[in-house]
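Everything on this sheet refers to the single structure shown next.
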Amino acid sequence: MHKSSNLVKAAWTALGAAFITTLYQAVKSYFPASPLQSHVVTVIYCTIMTFVVGLAVLRRQERELERFSNAKVNFEALMEHLPGLACIVSRDGRLVRWNSRVESVLGYSAQELSKLSAPEALAEDYRSLVRQALAAAFQTGVAEMEAAWLTKDGRRIPCYLTGVRVLVGKQPCVLSIGIDISNRKRAEEKLRQSEAQYRRLLANLPDVTWTMNSSRQVTYVSANVHEMLGYAPQEILAGGRELRLSRIHADDLPAVSESYGALFVEGRIFDVEYRMLHKDGHWIWVRNRALRTFEQDGTLAADGILTDITQRKQAEQVDSQLAAIVMSSSNAIIGNSADGTIASWNPGAERMFGYSADEASGKHISMIVPPERLHEVPSVIGRAVRGERVGRFESVCLRKDGMRVEVDLAISPIIDRQGRVLGISTIASDISLRKRGERELLRAKEEAEAATRAKTQFLANISHELRTPMNGILGMTELALDTHLDAEQREYLLTIQSSGNALLRLISELLDFTRTDSGTLALERVTFDLGEILRQTLRPVLSQAQQVGLEFACDIDPGLPDYVRGDPQRLRQVLVNLMDNAVKFTHQGRVLVRSICRSRTQVLFEVSDTGIGIPAEKHATIFEPFTQNDGSSTRRYGGTGLGLAISARLAELMGGSISLQSEPGVGSTFSFTVPLGLPSEPAHSN
Ligand code: ADP
């Protein structure tokens with residue numbers, strides 16, 4: 001357009017020049033004779049032509065000037081409108097020209113920028129790179145890079161720079177355009193962070209995530225598969241389908257394969273629980289869930305989550321075992337809510353109370369409580385709800401048919417892992433039979449006790465009745481022995497006397513044993529002179545020992561209290577029995593009696609001998625009634641085997657005990673410990 005108007009103008013100028021030339025030739029031909037006139041016309045013509053051509057040249061120059069200034073304005077407008085920060089960089093790196101954004105973004109004035117080199121406007125770590133890029137732009141014509149501007153106040157602004165080689169005048173320069181990419185960088189950082197977070201999440205997830213292609217090859221599996229199955233992800237990817245299938249329990253494999261088929265063919269959700277073999281050889285339970293997806297190219301794939309449910313399965317197994325126990329228990333096991341409403345009722349409860357589970361569910365537990373015990377229900381429920389174990393107690397419950405059933409009840413709160421009370425459990429066992437047995441046993445015991453009492457009474461009576469004539473016989477025998485008798489008669493009477501004494505002793509022992517055995521023997525509690533009792537006890541035994549040629553020694557602790565409280569006759573009876581035995585079962589050597597004051601109120605009596613001794617296997621039973629060392633004892637030594645039994649029971653009744661140390665052929669030591677009270681009042685008061 002501009003070009004055509006110039007052509008038109010040139011045509012008009014040429015036309016004007018031609019018109020003037022034609023006019024000049026016409027005028028010149030009109031004035032042919034006058035050279036002066038012709039000269040004037042020529043001068044006028046030349047002047048006009050000079051004016052016309054000069055005007056045309058002037059106009060052309062004006063137009064050139066106008067065009068140049070337009071180009072300059074356009075260039076600056078272009079720079080201003082370029083996106084981002086635009087500048088012209090000279091070969092020595094100086095900034096030759098820049099748009100206003102350079103000043104506003106970097107914060108430098110025009111004067112400061114004119115002294116700045118292009119690399120100086122960038123962060124230090126990019127300066128050498130930008131120098132290389134500039135050199136490349138000068139050499140190849142273009143260059144680009146990511147860098148960061150450094151503003152006057154020291155801020156870094158990430159930027160993307162492009163440079164193209166341009167001619168400014170005749171000077172080759174680089175036009176650089178930089179775009180602020182802070183937002184993009186921020187977005188990238190955000191994306192990177194969210195990706196890292198996503199990865200962290202996946203890694204921390206206890207579940208294993210996986211993807212599979214249509215040929216059922218695992219294409220991705222999260223790293224935590226190692227913890228679950230013992231295999232590294234790479235092993236699983238490399239192991240392929242064979243490895244995956246070989247780890248599935250043979251019993252579960254058909255269900256798993258079928259579900260995979262349904263997933264890929266019908267798009268049905270895959271959700272299967274099955275057993276998998278851990279690399280170290282133990283089985284774990286997993287739940288595997290997957291959805292069918294499509295790859296970008298449209299082929300089928302699947303995304304899934306594998307969860308370790310071993311603990312849940314184990315808990316379920318325990319639960320089902322517990323449920324089986326509850327179902328098969330003969331006890332009634334009842335679950336109540338916190339307000340006493342029956343929530344569960346096992347077959348044992350059905351049998352015990354006659355209500356079916358359907359009938360009992362939803363009813364209040366008080367339906368099996370007899371009216372006279374109903375008032376106890378709220379407090380028992382209240383205690384259980386507070387988390388207290390009510391414990392076991394015997395009670396009576398009411399059956400559906402109105403009959404009563406004696407029960408042993410255990411009531412306790414049902415508490416969850418967080419310690420919350422979920423309800424109350426009541427376990428009832430039918431004790432009707434046991435109770436009946438106990439009652440019968442009690443009756444039998446009472447009857448037996450009555451019979452024993454009668455027997456003891458009878459024995460006491462009969463002993464008393466036997467003792468009276470025996471005393472008569474012995475008294476008369478003694479009188480008869482004082483008369484003139486021949487040797488044979490004396491012999492007979494002495495036999496009667498010794499047999500009578502033995503019989504009397506047996507009667508006394510039987511009576512004592514019966515009394516100690518039935519618990520009817522009452523002890524005395526009097527203050528007595530311990531030394532005197534010991535002397536009375538030792539005297540006859542001493543003469544007995546001397547008669548058979550035994551050494552008899554006594555060692556009485558001088559620390560023994562003079563007066564003590566207790567039963568002197570029974571104390572003496574025990575000591576006499578032990579000493580009699582020592583003399584009886586010792587043929588040679590000695591008998592030693594020691595009394596030791598163990599504490600202010602504990603006295604230990606020891607009777608040791610160098611006699612025949614008692615074998616170890618008899619030690620445990622020698623204190624039982626009618627027990628003797630061996631069968632020949634009775635024949636050889638006489639006796640009833642009741643003395644030690646009576647002594648042990650008497651010692652026990654007095655709060656003490658008897659023990660034995662003995663070795664056959666070496667001797668025996670019987671230790672008798674007895675507590676003797678100290679007199680609170682003077683001895684002679686008794
Ligand atoms: P008994 O002496 O009337 O037979 P005991 O109850 O006093 O009844 O004694 C039971 C048995 O214990 C004796 O028969 C005897 O075999 C054994 N025995 C008791 N004391 C001694 C002892 N000091 N040395 C050896 N054996 C003894």
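In the structure tokens, the first chain shown is A, the next is B, and so on; residue numbers restart at 1 for each chain, and ligands run from 1 in the order shown.
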Margin query: Can you tell me, as an MDAnalysis selection string, which residues in segment 238-433 of chain A count as strand (DSSP E or B) by DSSP?
Written below: chainID A and resid 248 270:277 283:294 300:308 332:336 341:345 364 391:398 404:415 421:430
Next item on the list: Produce as JSON, numbers by chain the set of residues near ligand 1, where near means within 7 Å with only C-alpha atoms and all ligand atoms considered.
Entry: {"A": [577, 578, 581, 582, 585, 586, 609, 611, 612, 613, 614, 622, 623, 625, 626, 627, 628, 629, 630, 633, 634, 638, 639, 640, 641, 642, 643, 644, 645, 667, 668]}
Any chance you could tabulate, as a tab-separated table, the residues of segment 580-663 of chain A at most 10 Å from segment 543-565 of chain A with each one's nearest atom pair and distance in Å to one decimal, using only C-alpha atoms, in chain and rising number order?
residue	atom	partner	partner_atom	distance
A:Asp580	CA	A:Gln544	CA	8.6
A:Ala582	CA	A:Ala545	CA	9.3
A:Val583	CA	A:Ala545	CA	6.0
A:Lys584	CA	A:Ala545	CA	8.8
A:Thr586	CA	A:Leu550	CA	8.0
A:His587	CA	A:Leu550	CA	7.5
A:Gln588	CA	A:Leu550	CA	6.0
A:Gly589	CA	A:Leu550	CA	5.9
A:Arg590	CA	A:Glu551	CA	4.3
A:Val591	CA	A:Phe552	CA	4.9
A:Leu592	CA	A:Ala553	CA	4.7
A:Val593	CA	A:Cys554	CA	4.8
A:Arg594	CA	A:Asp555	CA	4.6
A:Ser595	CA	A:Ile556	CA	5.0
A:Ile596	CA	A:Asp557	CA	5.2
A:Cys597	CA	A:Leu560	CA	5.5
A:Arg598	CA	A:Leu560	CA	9.1
A:Ser599	CA	A:Leu560	CA	9.2
A:Arg600	CA	A:Pro561	CA	7.7
A:Thr601	CA	A:Val564	CA	8.4
A:Gln602	CA	A:Leu560	CA	9.5
A:Val603	CA	A:Leu560	CA	7.8
A:Leu604	CA	A:Asp557	CA	9.9
A:Phe605	CA	A:Ile556	CA	9.2
A:Glu606	CA	A:Asp555	CA	9.6
A:Val607	CA	A:Cys554	CA	9.5
A:Ser608	CA	A:Ala553	CA	9.9
A:Asp609	CA	A:Phe552	CA	9.3
A:Thr610	CA	A:Leu550	CA	9.9
Written selection (N, CA and C atoms) as a PDB file, in the first residue's frame:
ATOM      1  N   ASP A 580       9.450 -94.936 128.714  1.00  0.00           N
ATOM      2  CA  ASP A 580       9.171 -96.381 128.817  1.00  0.00           C
ATOM      3  C   ASP A 580       9.660 -97.099 127.565  1.00  0.00           C
ATOM      4  N   ALA A 582      11.900 -96.058 125.419  1.00  0.00           N
ATOM      5  CA  ALA A 582      13.369 -95.995 125.331  1.00  0.00           C
ATOM      6  C   ALA A 582      13.989 -97.133 126.147  1.00  0.00           C
ATOM      7  N   VAL A 583      13.479 -97.331 127.355  1.00  0.00           N
ATOM      8  CA  VAL A 583      14.033 -98.389 128.211  1.00  0.00           C
ATOM      9  C   VAL A 583      13.691 -99.757 127.619  1.00  0.00           C
ATOM     10  N   LYS A 584      12.397 -99.850 127.133  1.00  0.00           N
ATOM     11  CA  LYS A 584      11.923-101.142 126.619  1.00  0.00           C
ATOM     12  C   LYS A 584      12.722-101.604 125.394  1.00  0.00           C
ATOM     13  N   THR A 586      15.797-100.749 124.438  1.00  0.00           N
ATOM     14  CA  THR A 586      17.265-100.621 124.511  1.00  0.00           C
ATOM     15  C   THR A 586      17.802-101.770 125.369  1.00  0.00           C
ATOM     16  N   HIS A 587      18.730-102.543 124.819  1.00  0.00           N
ATOM     17  CA  HIS A 587      19.270-103.680 125.557  1.00  0.00           C
ATOM     18  C   HIS A 587      20.542-103.319 126.268  1.00  0.00           C
ATOM     19  N   GLN A 588      21.293-102.397 125.690  1.00  0.00           N
ATOM     20  CA  GLN A 588      22.515-101.967 126.361  1.00  0.00           C
ATOM     21  C   GLN A 588      22.794-100.523 125.958  1.00  0.00           C
ATOM     22  N   GLY A 589      23.620 -99.903 126.796  1.00  0.00           N
ATOM     23  CA  GLY A 589      23.939 -98.510 126.509  1.00  0.00           C
ATOM     24  C   GLY A 589      23.242 -97.602 127.489  1.00  0.00           C
ATOM     25  N   ARG A 590      22.612 -96.548 126.946  1.00  0.00           N
ATOM     26  CA  ARG A 590      22.037 -95.606 127.903  1.00  0.00           C
ATOM     27  C   ARG A 590      20.795 -94.929 127.338  1.00  0.00           C
ATOM     28  N   VAL A 591      20.075 -94.360 128.260  1.00  0.00           N
ATOM     29  CA  VAL A 591      18.897 -93.552 127.913  1.00  0.00           C
ATOM     30  C   VAL A 591      19.175 -92.157 128.462  1.00  0.00           C
ATOM     31  N   LEU A 592      18.971 -91.161 127.589  1.00  0.00           N
ATOM     32  CA  LEU A 592      19.228 -89.773 128.016  1.00  0.00           C
ATOM     33  C   LEU A 592      17.947 -88.958 127.868  1.00  0.00           C
ATOM     34  N   VAL A 593      17.594 -88.250 128.908  1.00  0.00           N
ATOM     35  CA  VAL A 593      16.419 -87.369 128.855  1.00  0.00           C
ATOM     36  C   VAL A 593      16.921 -85.940 129.010  1.00  0.00           C
ATOM     37  N   ARG A 594      16.580 -85.108 128.028  1.00  0.00           N
ATOM     38  CA  ARG A 594      16.997 -83.699 128.099  1.00  0.00           C
ATOM     39  C   ARG A 594      15.769 -82.812 128.045  1.00  0.00           C
ATOM     40  N   SER A 595      15.832 -81.740 128.788  1.00  0.00           N
ATOM     41  CA  SER A 595      14.764 -80.743 128.641  1.00  0.00           C
ATOM     42  C   SER A 595      15.450 -79.411 128.354  1.00  0.00           C
ATOM     43  N   ILE A 596      15.020 -78.761 127.304  1.00  0.00           N
ATOM     44  CA  ILE A 596      15.670 -77.520 126.855  1.00  0.00           C
ATOM     45  C   ILE A 596      14.611 -76.427 126.784  1.00  0.00           C
ATOM     46  N   CYS A 597      14.975 -75.281 127.322  1.00  0.00           N
ATOM     47  CA  CYS A 597      14.034 -74.154 127.266  1.00  0.00           C
ATOM     48  C   CYS A 597      14.255 -73.431 125.935  1.00  0.00           C
ATOM     49  N   ARG A 598      13.365 -73.628 124.969  1.00  0.00           N
ATOM     50  CA  ARG A 598      13.545 -73.042 123.632  1.00  0.00           C
ATOM     51  C   ARG A 598      13.241 -71.538 123.646  1.00  0.00           C
ATOM     52  N   SER A 599      12.230 -71.170 124.381  1.00  0.00           N
ATOM     53  CA  SER A 599      11.922 -69.750 124.565  1.00  0.00           C
ATOM     54  C   SER A 599      11.243 -69.667 125.930  1.00  0.00           C
ATOM     55  N   ARG A 600      10.745 -68.500 126.254  1.00  0.00           N
ATOM     56  CA  ARG A 600      10.150 -68.375 127.595  1.00  0.00           C
ATOM     57  C   ARG A 600       9.006 -69.356 127.802  1.00  0.00           C
ATOM     58  N   THR A 601       8.327 -69.702 126.694  1.00  0.00           N
ATOM     59  CA  THR A 601       7.150 -70.566 126.863  1.00  0.00           C
ATOM     60  C   THR A 601       7.232 -71.860 126.055  1.00  0.00           C
ATOM     61  N   GLN A 602       8.334 -72.084 125.343  1.00  0.00           N
ATOM     62  CA  GLN A 602       8.459 -73.307 124.544  1.00  0.00           C
ATOM     63  C   GLN A 602       9.486 -74.213 125.199  1.00  0.00           C
ATOM     64  N   VAL A 603       9.078 -75.446 125.519  1.00  0.00           N
ATOM     65  CA  VAL A 603      10.031 -76.387 126.119  1.00  0.00           C
ATOM     66  C   VAL A 603      10.175 -77.581 125.184  1.00  0.00           C
ATOM     67  N   LEU A 604      11.443 -77.990 124.995  1.00  0.00           N
ATOM     68  CA  LEU A 604      11.706 -79.160 124.160  1.00  0.00           C
ATOM     69  C   LEU A 604      12.207 -80.279 125.067  1.00  0.00           C
ATOM     70  N   PHE A 605      11.519 -81.436 124.962  1.00  0.00           N
ATOM     71  CA  PHE A 605      11.979 -82.615 125.691  1.00  0.00           C
ATOM     72  C   PHE A 605      12.534 -83.578 124.656  1.00  0.00           C
ATOM     73  N   GLU A 606      13.717 -84.131 124.965  1.00  0.00           N
ATOM     74  CA  GLU A 606      14.320 -85.106 124.055  1.00  0.00           C
ATOM     75  C   GLU A 606      14.587 -86.383 124.828  1.00  0.00           C
ATOM     76  N   VAL A 607      14.104 -87.517 124.280  1.00  0.00           N
ATOM     77  CA  VAL A 607      14.373 -88.801 124.911  1.00  0.00           C
ATOM     78  C   VAL A 607      15.179 -89.612 123.897  1.00  0.00           C
ATOM     79  N   SER A 608      16.482 -89.836 124.184  1.00  0.00           N
ATOM     80  CA  SER A 608      17.333 -90.580 123.248  1.00  0.00           C
ATOM     81  C   SER A 608      17.775 -91.887 123.893  1.00  0.00           C
ATOM     82  N   ASP A 609      17.950 -92.856 123.017  1.00  0.00           N
ATOM     83  CA  ASP A 609      18.439 -94.137 123.532  1.00  0.00           C
ATOM     84  C   ASP A 609      19.429 -94.726 122.548  1.00  0.00           C
ATOM     85  N   THR A 610      20.089 -95.792 122.977  1.00  0.00           N
ATOM     86  CA  THR A 610      21.038 -96.486 122.092  1.00  0.00           C
ATOM     87  C   THR A 610      20.463 -97.863 121.763  1.00  0.00           C
TER      88      THR A 610
END
Margin query: Please extract the residues of segment 50-234 of chain A with a backbone DSSP assignment of alpha helix (DSSP H) and present them as JSON, numbers by chain.
Written below: {"A": [50, 51, 52, 53, 54, 55, 56, 57, 58, 59, 60, 61, 62, 63, 64, 65, 66, 67, 68, 69, 70, 71, 72, 73, 74, 75, 76, 77, 78, 79, 80, 81, 100, 101, 102, 103, 104, 105, 106, 110, 111, 112, 113, 114, 115, 127, 128, 129, 130, 131, 132, 133, 134, 135, 136, 137, 138, 139, 140, 182, 183, 184, 185, 186, 187, 188, 189, 190, 191, 192, 193, 194, 195, 196, 197, 198, 199, 200, 201, 202, 203, 204, 225, 226, 227, 228, 229, 233, 234]}
Select from segment 244-306 of chain A every residue with an atom at most 9 Å from any atom of segment 214-227 of chain A, then for each give the shortest pair of atoms and their distance in Å to one decimal, using only C-alpha atoms, rows by chain and rising number, as a tab-separated table.
residue	atom	partner	partner_atom	distance
A:Arg244	CA	A:Val218	CA	8.7
A:Tyr260	CA	A:Arg216	CA	8.5
A:Phe264	CA	A:Ser214	CA	7.2
A:Thr299	CA	A:Ser214	CA	7.1
A:Leu300	CA	A:Ser214	CA	5.1
A:Ala301	CA	A:Ser214	CA	5.1
A:Ala302	CA	A:Ser214	CA	7.7
A:Leu306	CA	A:Val225	CA	8.8
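The list of residues with at least one atom within 12 Å of Arg420 of chain A, based on only C-alpha atoms and without residues fewer than 2 positions apart in the same chain, reads A:Ala338, A:Ala384, A:Val385, A:Arg386, A:Gly387, A:Pro413, A:Ile414, A:Ile415, A:Asp416, A:Arg417, A:Gln418, A:Leu422, A:Gly423, A:Ile424.
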Check: Counting only C-alpha atoms, what is within 12 Å of Leu571 of chain A, bar same-chain residues fewer than 5 positions away, as a VMD selection string?
Finding: chain A and resid 523 to 526 528 530 533 to 534 536 to 537 564 to 566 576 to 578 603 to 605 646 to 657 672 to 676
Rows by chain and residue number, segment 311-336 of chain A within 7 Å of segment 347-357 of chain A, shortest pair, only C-alpha atoms, as JSON lines:
{"residue": "A:Met327", "atom": "CA", "partner": "A:Pro347", "partner_atom": "CA", "distance": 6.1}
{"residue": "A:Ser329", "atom": "CA", "partner": "A:Gly348", "partner_atom": "CA", "distance": 6.0}
{"residue": "A:Ser330", "atom": "CA", "partner": "A:Gly348", "partner_atom": "CA", "distance": 4.8}
{"residue": "A:Asn331", "atom": "CA", "partner": "A:Gly348", "partner_atom": "CA", "distance": 5.1}
{"residue": "A:Ala332", "atom": "CA", "partner": "A:Ala349", "partner_atom": "CA", "distance": 3.8}
{"residue": "A:Ile333", "atom": "CA", "partner": "A:Ala349", "partner_atom": "CA", "distance": 6.2}
Note to self: Neighbouring residues of Gly500 of chain A were defined as those with any atom within 12 Å, considering only C-alpha atoms; residues of the same chain fewer than 5 positions away were excluded. Please report them as a list of chain:residue names.
What the structure shows: A:Leu466, A:Arg467, A:Thr468, A:Pro469, A:Met470, A:Asn471, A:Gly472, A:Ile473, A:Leu474, A:Gly475, A:Met476, A:Thr477, A:Glu478, A:Leu493, A:Leu494, A:Thr495, A:Arg505, A:Leu506, A:Ile507
